[in-house]
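query25.cif (mmCIF, C-alpha atoms) appears below.
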```cif
data_work
#
loop_
_atom_site.label_atom_id
_atom_site.label_comp_id
_atom_site.auth_asym_id
_atom_site.auth_seq_id
_atom_site.Cartn_x
_atom_site.Cartn_y
_atom_site.Cartn_z
CA MET A 10 87.34 -40.45 -139.69
CA ILE A 11 86.28 -37.35 -141.55
CA PRO A 12 82.51 -37.49 -142.13
CA PRO A 13 81.42 -36.89 -145.67
CA VAL A 14 79.86 -33.58 -146.49
CA ALA A 15 76.10 -33.84 -146.01
CA ALA A 16 74.65 -34.64 -149.40
CA SER A 17 71.83 -32.11 -149.08
CA SER A 18 74.22 -29.27 -148.49
CA ALA A 19 76.72 -30.20 -151.19
CA GLY A 20 77.22 -27.54 -153.78
CA ALA A 21 75.75 -24.29 -152.55
CA SER A 22 76.94 -24.09 -148.95
CA LEU A 23 80.17 -26.06 -148.76
CA SER A 24 82.26 -25.08 -145.81
CA ILE A 25 85.31 -26.36 -144.01
CA GLY A 26 83.13 -26.72 -140.92
CA ALA A 27 81.53 -29.79 -142.43
CA LEU A 28 84.92 -31.47 -142.40
CA SER A 29 84.92 -31.91 -138.64
CA PRO A 30 87.84 -33.99 -137.43
CA ASN A 31 87.26 -36.33 -134.51
CA ALA A 32 86.89 -35.30 -130.89
CA THR A 33 90.63 -35.12 -130.15
CA VAL A 34 90.66 -31.45 -131.09
CA GLY A 35 87.35 -30.70 -129.48
CA VAL A 36 85.07 -30.74 -132.51
CA ARG A 37 82.10 -33.09 -132.61
CA PRO A 38 80.70 -34.13 -135.98
CA GLN A 39 77.66 -31.94 -136.54
CA GLU A 40 74.34 -33.36 -137.61
CA GLU A 41 72.84 -30.20 -139.07
CA ALA A 42 73.72 -28.65 -142.39
CA ALA A 43 77.03 -26.84 -142.70
CA THR A 44 77.02 -23.18 -141.77
CA GLY A 45 79.60 -20.44 -141.51
CA ASP A 46 79.71 -20.94 -137.72
CA GLN A 47 81.13 -24.39 -138.20
CA GLY A 48 83.95 -22.96 -140.24
CA ALA A 49 84.77 -20.80 -137.23
CA ALA A 50 84.43 -23.85 -134.93
CA PHE A 51 86.99 -25.77 -136.97
CA GLY A 52 89.29 -22.76 -136.90
CA ASP A 53 88.89 -22.56 -133.10
CA ALA A 54 89.65 -26.26 -132.75
CA ILE A 55 92.82 -25.91 -134.80
CA THR A 56 93.81 -22.86 -132.73
CA ARG A 57 93.26 -24.86 -129.52
CA ALA A 58 95.27 -27.78 -130.90
CA ILE A 59 98.12 -25.44 -131.77
CA GLY A 60 97.84 -23.94 -128.27
CA THR A 61 98.29 -27.42 -126.78
CA LEU A 62 101.21 -28.03 -129.13
CA GLU A 63 102.85 -24.79 -128.00
CA ARG A 64 102.35 -25.64 -124.33
CA THR A 65 103.89 -29.11 -124.63
CA GLN A 66 106.78 -27.72 -126.66
CA ASP A 67 107.35 -24.95 -124.11
CA THR A 68 107.52 -27.60 -121.37
CA ALA A 69 109.98 -29.68 -123.38
CA ASP A 70 112.04 -26.56 -124.16
CA ALA A 71 112.18 -25.61 -120.48
CA TYR A 72 113.52 -29.08 -119.61
CA ALA A 73 115.98 -28.89 -122.52
CA ARG A 74 117.28 -25.59 -121.15
CA GLN A 75 117.62 -27.15 -117.70
CA ALA A 76 119.52 -30.08 -119.22
CA ALA A 77 121.84 -27.74 -121.13
CA THR A 78 122.58 -25.64 -118.05
CA GLY A 79 122.99 -28.60 -115.72
CA ARG A 80 119.89 -27.84 -113.63
CA LEU A 81 117.82 -30.81 -114.81
CA GLU A 82 116.92 -32.86 -111.75
CA ARG A 83 115.26 -35.86 -113.35
CA VAL A 84 116.28 -37.13 -116.77
CA GLU A 85 112.95 -38.90 -117.29
CA ASP A 86 111.05 -35.59 -116.98
CA TYR A 87 112.77 -34.25 -120.06
CA MET A 88 112.41 -37.45 -122.07
CA VAL A 89 108.69 -37.69 -121.22
CA ALA A 90 108.08 -34.03 -122.12
CA ALA A 91 110.06 -34.34 -125.37
CA THR A 92 108.16 -37.49 -126.37
CA GLU A 93 104.82 -35.85 -125.63
CA ALA A 94 105.79 -32.76 -127.63
CA GLN A 95 106.81 -34.99 -130.54
CA LEU A 96 103.52 -36.93 -130.45
CA VAL A 97 101.39 -33.77 -130.15
CA THR A 98 103.26 -32.30 -133.12
CA GLN A 99 102.62 -35.43 -135.17
CA LEU A 100 98.93 -35.35 -134.18
CA THR A 101 98.52 -31.68 -135.11
CA VAL A 102 100.24 -32.22 -138.45
CA ALA A 103 98.09 -35.30 -139.12
CA VAL A 104 94.89 -33.34 -138.40
CA ARG A 105 96.02 -30.48 -140.61
CA ASN A 106 97.00 -32.87 -143.43
CA LYS A 107 93.66 -34.67 -143.25
CA ALA A 108 91.76 -31.38 -143.37
CA VAL A 109 93.75 -30.08 -146.33
CA GLU A 110 93.40 -33.43 -148.10
CA ALA A 111 89.61 -33.36 -147.65
CA PHE A 112 89.40 -29.75 -148.76
CA GLN A 113 91.38 -30.51 -151.93
CA GLU A 114 89.19 -33.53 -152.58
CA ILE A 115 86.15 -31.25 -152.53
CA MET A 116 87.84 -28.62 -154.70
CA ARG A 117 88.49 -31.28 -157.32
CA MET A 118 84.80 -32.20 -157.35
CA GLN A 119 83.01 -31.52 -160.66
CA VAL A 120 79.87 -29.44 -160.07
CA MET B 11 99.71 -34.73 -118.19
CA SER B 12 96.35 -35.27 -119.79
CA GLY B 13 94.96 -34.97 -123.26
CA PRO B 14 95.30 -37.39 -126.15
CA PHE B 15 98.49 -39.02 -124.88
CA SER B 16 97.54 -39.68 -121.27
CA ALA B 17 98.94 -43.24 -121.24
CA LEU B 18 102.44 -41.73 -121.19
CA ALA B 19 101.79 -40.19 -117.78
CA ILE B 20 101.32 -43.53 -116.01
CA PRO B 21 104.76 -45.05 -116.71
CA ALA B 22 106.21 -41.54 -116.21
CA SER B 23 104.77 -41.51 -112.67
CA GLY B 24 106.36 -44.94 -112.13
CA MET B 25 109.72 -43.62 -113.30
CA THR B 26 109.49 -40.66 -110.91
CA THR B 27 108.54 -42.90 -107.99
CA TYR B 28 111.22 -45.53 -108.61
CA ARG B 29 113.74 -42.77 -109.13
CA ALA B 30 112.80 -41.51 -105.64
CA TRP B 31 113.24 -45.05 -104.26
CA LEU B 32 116.64 -45.32 -105.99
CA ASP B 33 117.61 -41.97 -104.47
CA ALA B 34 116.53 -43.14 -101.00
CA LEU B 35 118.43 -46.43 -101.36
CA SER B 36 121.52 -44.59 -102.59
CA ASP B 37 121.29 -42.36 -99.54
CA ASN B 38 121.00 -45.40 -97.26
CA VAL B 39 123.98 -47.10 -98.86
CA ALA B 40 126.02 -43.89 -98.81
CA ASN B 41 125.36 -43.53 -95.06
CA VAL B 42 125.95 -47.14 -94.10
CA ASN B 43 129.10 -46.15 -92.19
CA THR B 44 127.85 -42.84 -90.80
CA VAL B 45 129.02 -42.89 -87.21
CA ARG B 46 127.35 -40.77 -84.54
CA SER B 47 128.12 -40.34 -80.89
CA THR B 48 125.84 -42.18 -78.46
CA ASP B 49 124.06 -38.97 -77.33
CA GLU B 50 122.78 -38.38 -80.89
CA PRO B 51 120.26 -40.45 -82.88
CA ALA B 52 121.81 -42.78 -85.44
CA PHE B 53 121.41 -42.21 -89.17
CA GLN B 54 117.86 -43.35 -89.94
CA GLU B 55 117.21 -45.61 -92.90
CA ARG B 56 114.92 -43.97 -95.49
CA PHE B 57 111.77 -45.79 -96.57
CA VAL B 58 109.82 -44.45 -99.55
CA VAL B 59 106.08 -45.07 -99.22
CA ALA B 60 104.39 -45.45 -102.61
CA GLU B 61 100.72 -44.71 -103.15
CA ALA B 62 98.42 -45.43 -106.09
CA ARG B 63 97.03 -42.37 -107.86
CA GLU B 64 93.32 -42.79 -108.46
CA ASP B 65 91.19 -40.83 -110.88
CA GLY B 66 87.89 -42.21 -109.60
CA GLN B 67 87.09 -43.86 -112.93
CA GLY B 68 88.45 -47.33 -112.38
CA ILE B 69 91.68 -46.96 -114.32
CA GLY B 70 94.23 -45.35 -112.06
CA ARG B 71 96.70 -42.66 -112.93
CA GLY B 72 99.88 -44.39 -111.85
CA VAL B 73 101.80 -44.08 -108.62
CA ARG B 74 103.33 -41.38 -106.48
CA VAL B 75 105.50 -41.02 -103.43
CA ALA B 76 103.13 -40.56 -100.48
CA GLU B 77 105.79 -39.95 -97.87
CA VAL B 78 109.27 -40.89 -96.72
CA ARG B 79 109.49 -42.72 -93.42
CA PHE B 80 112.53 -43.12 -91.24
CA GLY B 81 113.99 -46.18 -89.57
CA ASP B 82 115.02 -46.76 -85.97
CA PRO B 83 117.03 -43.85 -84.53
CA THR B 84 118.50 -46.13 -81.84
CA GLY B 85 120.77 -47.72 -84.42
CA ARG B 86 123.36 -50.21 -83.39
CA LEU B 87 126.02 -49.63 -80.73
CA SER B 88 129.55 -50.52 -81.63
CA TYR B 89 132.65 -50.66 -79.41
CA GLN B 90 135.25 -48.40 -81.02
CA PRO B 91 137.23 -46.87 -78.14
CA ASP B 92 139.71 -45.11 -80.44
CA HIS B 93 136.99 -43.31 -82.36
CA PRO B 94 136.88 -39.54 -81.72
CA LEU B 95 133.09 -39.73 -81.22
CA ALA B 96 133.25 -42.60 -78.71
CA ASP B 97 131.67 -42.03 -75.29
CA GLU B 98 133.31 -42.87 -71.96
CA ASN B 99 132.49 -46.56 -72.46
CA GLY B 100 134.09 -46.53 -75.94
CA MET B 101 130.75 -46.90 -77.73
CA VAL B 102 129.57 -45.19 -80.95
CA ARG B 103 126.23 -45.36 -82.73
CA LEU B 104 126.00 -46.86 -86.23
CA PRO B 105 122.91 -46.98 -88.45
CA ASP B 106 120.80 -50.10 -88.02
CA MET B 107 120.73 -51.13 -91.67
CA ASN B 108 121.25 -54.37 -93.47
CA LEU B 109 123.39 -53.77 -96.54
CA SER B 110 122.20 -56.92 -98.31
CA ASP B 111 118.57 -55.72 -97.92
CA GLN B 112 119.60 -52.41 -99.46
CA MET B 113 121.27 -54.13 -102.40
CA THR B 114 118.24 -56.40 -102.97
CA SER B 115 115.92 -53.38 -102.92
CA LEU B 116 118.31 -51.57 -105.25
CA ILE B 117 117.98 -54.36 -107.82
CA ALA B 118 114.17 -54.31 -107.45
CA ALA B 119 114.06 -50.51 -107.83
CA GLN B 120 116.34 -50.56 -110.86
CA ARG B 121 114.31 -53.28 -112.57
CA ALA B 122 111.03 -51.51 -111.78
CA TYR B 123 112.40 -48.29 -113.26
CA GLN B 124 113.48 -50.15 -116.41
CA LEU B 125 110.06 -51.78 -116.59
CA ASN B 126 108.35 -48.39 -116.53
CA VAL B 127 110.69 -47.17 -119.28
CA ALA B 128 109.70 -50.23 -121.33
CA VAL B 129 105.99 -49.50 -120.77
CA PHE B 130 106.57 -45.87 -121.75
CA GLU B 131 108.25 -46.98 -124.99
CA ARG B 132 105.37 -49.36 -125.75
CA ALA B 133 102.83 -46.56 -125.20
CA ARG B 134 104.84 -44.18 -127.38
CA ASP B 135 105.12 -46.78 -130.17
CA SER B 136 101.39 -47.50 -129.95
CA TYR B 137 100.54 -43.82 -130.28
CA GLN B 138 102.93 -43.48 -133.19
CA ARG B 139 101.28 -46.43 -134.91
CA ALA B 140 97.88 -44.84 -134.29
CA LEU B 141 99.09 -41.61 -135.90
CA GLU B 142 100.16 -43.58 -138.97
CA ILE B 143 96.58 -44.75 -139.61
CA GLY B 144 95.47 -43.57 -143.02
CA LYS B 145 98.87 -42.27 -144.05
#
```
How does the structure come out when it is put into structure tokens?
Amino acid sequence: MIPPVAASSAGASLSIGALSPNATVGVRPQEEAATGDQGAAFGDAITRAIGTLERTQDTADAYARQAATGRLERVEDYMVAATEAQLVTQLTVAVRNKAVEAFQEIMRMQV
Amino acid sequence: MSGPFSALAIPASGMTTYRAWLDALSDNVANVNTVRSTDEPAFQERFVVAEAREDGQGIGRGVRVAEVRFGDPTGRLSYQPDHPLADENGMVRLPDMNLSDQMTSLIAAQRAYQLNVAVFERARDSYQRALEIGK
């Protein structure tokens, strides 16, 4: 769940960092008021998540190449890697959508 | 495999292990008529030894092939005097394997593999349902 922006900090110092997603991308909800550092932390988390996505997709691609060239030794390896890549993609997209959704919600807020 | 979708790795390890067992059984069945001369060891039946993978936190991390062991090299002597490999007494060495045991194990290995595929599909569907939360 995306924690609400701390009421005390609403208005003047809104930042994306306050919109910490859950621990799956390595960001813990912060107790203190939002700062610029947290914006960077969220950016880092997204970068890490995309790094994971790239790694799983590279693995799946490598197996796909092996399958295409007849060098795949175990069918299940490819299917497992492809499924994981698919799920990691869905997770990354879900996190991104939630963040954008929350950001837009705040932008619509009347100050 | 670790990370947010670690439950996929457990049935995947089962698939890999049962695939190895299927391979070993196929090899046994393929060599059921492998004849050797009596001064050589017979074809040795392959036994796959499975081992639980522990992560030290209670819930394990599936299974893996610990080793492959080999059956009795003495085999079974058969009187086939016309065989080119027969010794002066007309004996050849055949593998000491029971084909019905191999077929029974083959069914068990096939079903276990299918079971792990079913578990994998359940885990995948669960994760997909989890990703649909709040959509």
Could you expand the PyMOL selection byres ((chain A and resi 83) around 12) into the explicit residues it covers here, written as a ChimeraX atom specification? /A:72-73,75-76,79-82,84-90 /B:22-23,25-30,33
Write to file, as a PDB file, in the coordinates of the input, the residues of the selection just made, with C-alpha atoms.
```pdb
ATOM      1  CA  TYR A  72     113.520 -29.080-119.610  1.00  0.00           C
ATOM      2  CA  ALA A  73     115.980 -28.890-122.520  1.00  0.00           C
ATOM      3  CA  GLN A  75     117.620 -27.150-117.700  1.00  0.00           C
ATOM      4  CA  ALA A  76     119.520 -30.080-119.220  1.00  0.00           C
ATOM      5  CA  GLY A  79     122.990 -28.600-115.720  1.00  0.00           C
ATOM      6  CA  ARG A  80     119.890 -27.840-113.630  1.00  0.00           C
ATOM      7  CA  LEU A  81     117.820 -30.810-114.810  1.00  0.00           C
ATOM      8  CA  GLU A  82     116.920 -32.860-111.750  1.00  0.00           C
ATOM      9  CA  VAL A  84     116.280 -37.130-116.770  1.00  0.00           C
ATOM     10  CA  GLU A  85     112.950 -38.900-117.290  1.00  0.00           C
ATOM     11  CA  ASP A  86     111.050 -35.590-116.980  1.00  0.00           C
ATOM     12  CA  TYR A  87     112.770 -34.250-120.060  1.00  0.00           C
ATOM     13  CA  MET A  88     112.410 -37.450-122.070  1.00  0.00           C
ATOM     14  CA  VAL A  89     108.690 -37.690-121.220  1.00  0.00           C
ATOM     15  CA  ALA A  90     108.080 -34.030-122.120  1.00  0.00           C
TER      16      ALA A  90
ATOM     17  CA  ALA B  22     106.210 -41.540-116.210  1.00  0.00           C
ATOM     18  CA  SER B  23     104.770 -41.510-112.670  1.00  0.00           C
ATOM     19  CA  MET B  25     109.720 -43.620-113.300  1.00  0.00           C
ATOM     20  CA  THR B  26     109.490 -40.660-110.910  1.00  0.00           C
ATOM     21  CA  THR B  27     108.540 -42.900-107.990  1.00  0.00           C
ATOM     22  CA  TYR B  28     111.220 -45.530-108.610  1.00  0.00           C
ATOM     23  CA  ARG B  29     113.740 -42.770-109.130  1.00  0.00           C
ATOM     24  CA  ALA B  30     112.800 -41.510-105.640  1.00  0.00           C
ATOM     25  CA  ASP B  33     117.610 -41.970-104.470  1.00  0.00           C
TER      26      ASP B  33
END
```
So which residues touch Leu104 (chain B) within 12 Å, counting only C-alpha atoms, skipping near sequence neighbours fewer than 2 positions away, as an NGL selection string? :B and (41-48 or 50-55 or 82-90 or 95-96 or 101-102 or 106-108)
Hey, can you spit out that residue selection with C-alpha atoms as a CSV table (one decimal), keeping the file's coordinate frame?
```
chain,number,residue,atom,x,y,z
B,41,ASN,CA,125.4,-43.5,-95.1
B,42,VAL,CA,126.0,-47.1,-94.1
B,43,ASN,CA,129.1,-46.2,-92.2
B,44,THR,CA,127.8,-42.8,-90.8
B,45,VAL,CA,129.0,-42.9,-87.2
B,46,ARG,CA,127.4,-40.8,-84.5
B,47,SER,CA,128.1,-40.3,-80.9
B,48,THR,CA,125.8,-42.2,-78.5
B,50,GLU,CA,122.8,-38.4,-80.9
B,51,PRO,CA,120.3,-40.4,-82.9
B,52,ALA,CA,121.8,-42.8,-85.4
B,53,PHE,CA,121.4,-42.2,-89.2
B,54,GLN,CA,117.9,-43.4,-89.9
B,55,GLU,CA,117.2,-45.6,-92.9
B,82,ASP,CA,115.0,-46.8,-86.0
B,83,PRO,CA,117.0,-43.8,-84.5
B,84,THR,CA,118.5,-46.1,-81.8
B,85,GLY,CA,120.8,-47.7,-84.4
B,86,ARG,CA,123.4,-50.2,-83.4
B,87,LEU,CA,126.0,-49.6,-80.7
B,88,SER,CA,129.6,-50.5,-81.6
B,89,TYR,CA,132.6,-50.7,-79.4
B,90,GLN,CA,135.2,-48.4,-81.0
B,95,LEU,CA,133.1,-39.7,-81.2
B,96,ALA,CA,133.2,-42.6,-78.7
B,101,MET,CA,130.8,-46.9,-77.7
B,102,VAL,CA,129.6,-45.2,-81.0
B,106,ASP,CA,120.8,-50.1,-88.0
B,107,MET,CA,120.7,-51.1,-91.7
B,108,ASN,CA,121.2,-54.4,-93.5
```
Which of these residues is nearest to Ala94 (chain A), using only C-alpha atoms: A:Leu62, A:Arg57, A:Asp46, A:Ala111? A:Leu62
Using only C-alpha atoms, which protein or nucleic acid residues come within 10 Å of Gln138 (chain B)? Drop anything in the same chain fewer than 3 positions from it, and give the result as a ChimeraX atom specification. /A:95-96,99-100 /B:132-135,141-143
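In this model, the gap between CA of Tyr123 (chain B) and CA of Arg64 (chain A) comes to 27.1 Å.
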Would you kindly translate the PyMOL selection byres ((chain B and resi 109-112) around 9) into the concrete residues it picks from this file, as a PyMOL selection string? chain B and resi 35-36+38-39+42+107-108+113-117
What is the CA of Arg56 (chain B) to CA of Pro91 (chain B) distance in Å? 28.4 Å
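Picture a line from CA of Phe130 (chain B) to CA of Phe57 (chain B); it runs 25.7 Å.
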Let me know the residues the PyMOL selection byres ((chain B and resi 15) around 9) catches in the file above, as a ChimeraX atom specification. /A:93,96-97 /B:11-14,16-19,133-134,137
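Here the question is which of A:Ala77, A:Val109, A:Glu114, A:Thr61 gets nearest to chain B using all atoms listed in the file, and that residue is A:Thr61.
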Please enclose the listed atoms of region 79-98 of chain B in an axis-aligned box, pad each side by 4 Å, and write out the centre and the three edge lengths in Å, rounded to one decimal, as lines of an AutoDock Vina configuration file.
```
center_x = 124.6
center_y = -45.1
center_z = -82.7
size_x = 38.2
size_y = 19.1
size_z = 29.5
```
Which of these residues is nearest to chain B, using only C-alpha atoms: A:Ala50, A:Val120, A:Ile115, A:Ala58? A:Ala58
For Pro105 (chain B), the nearest of the candidates B:Ala60, B:Ala40, B:Ala128, B:Ala122, counting only C-alpha atoms: B:Ala40
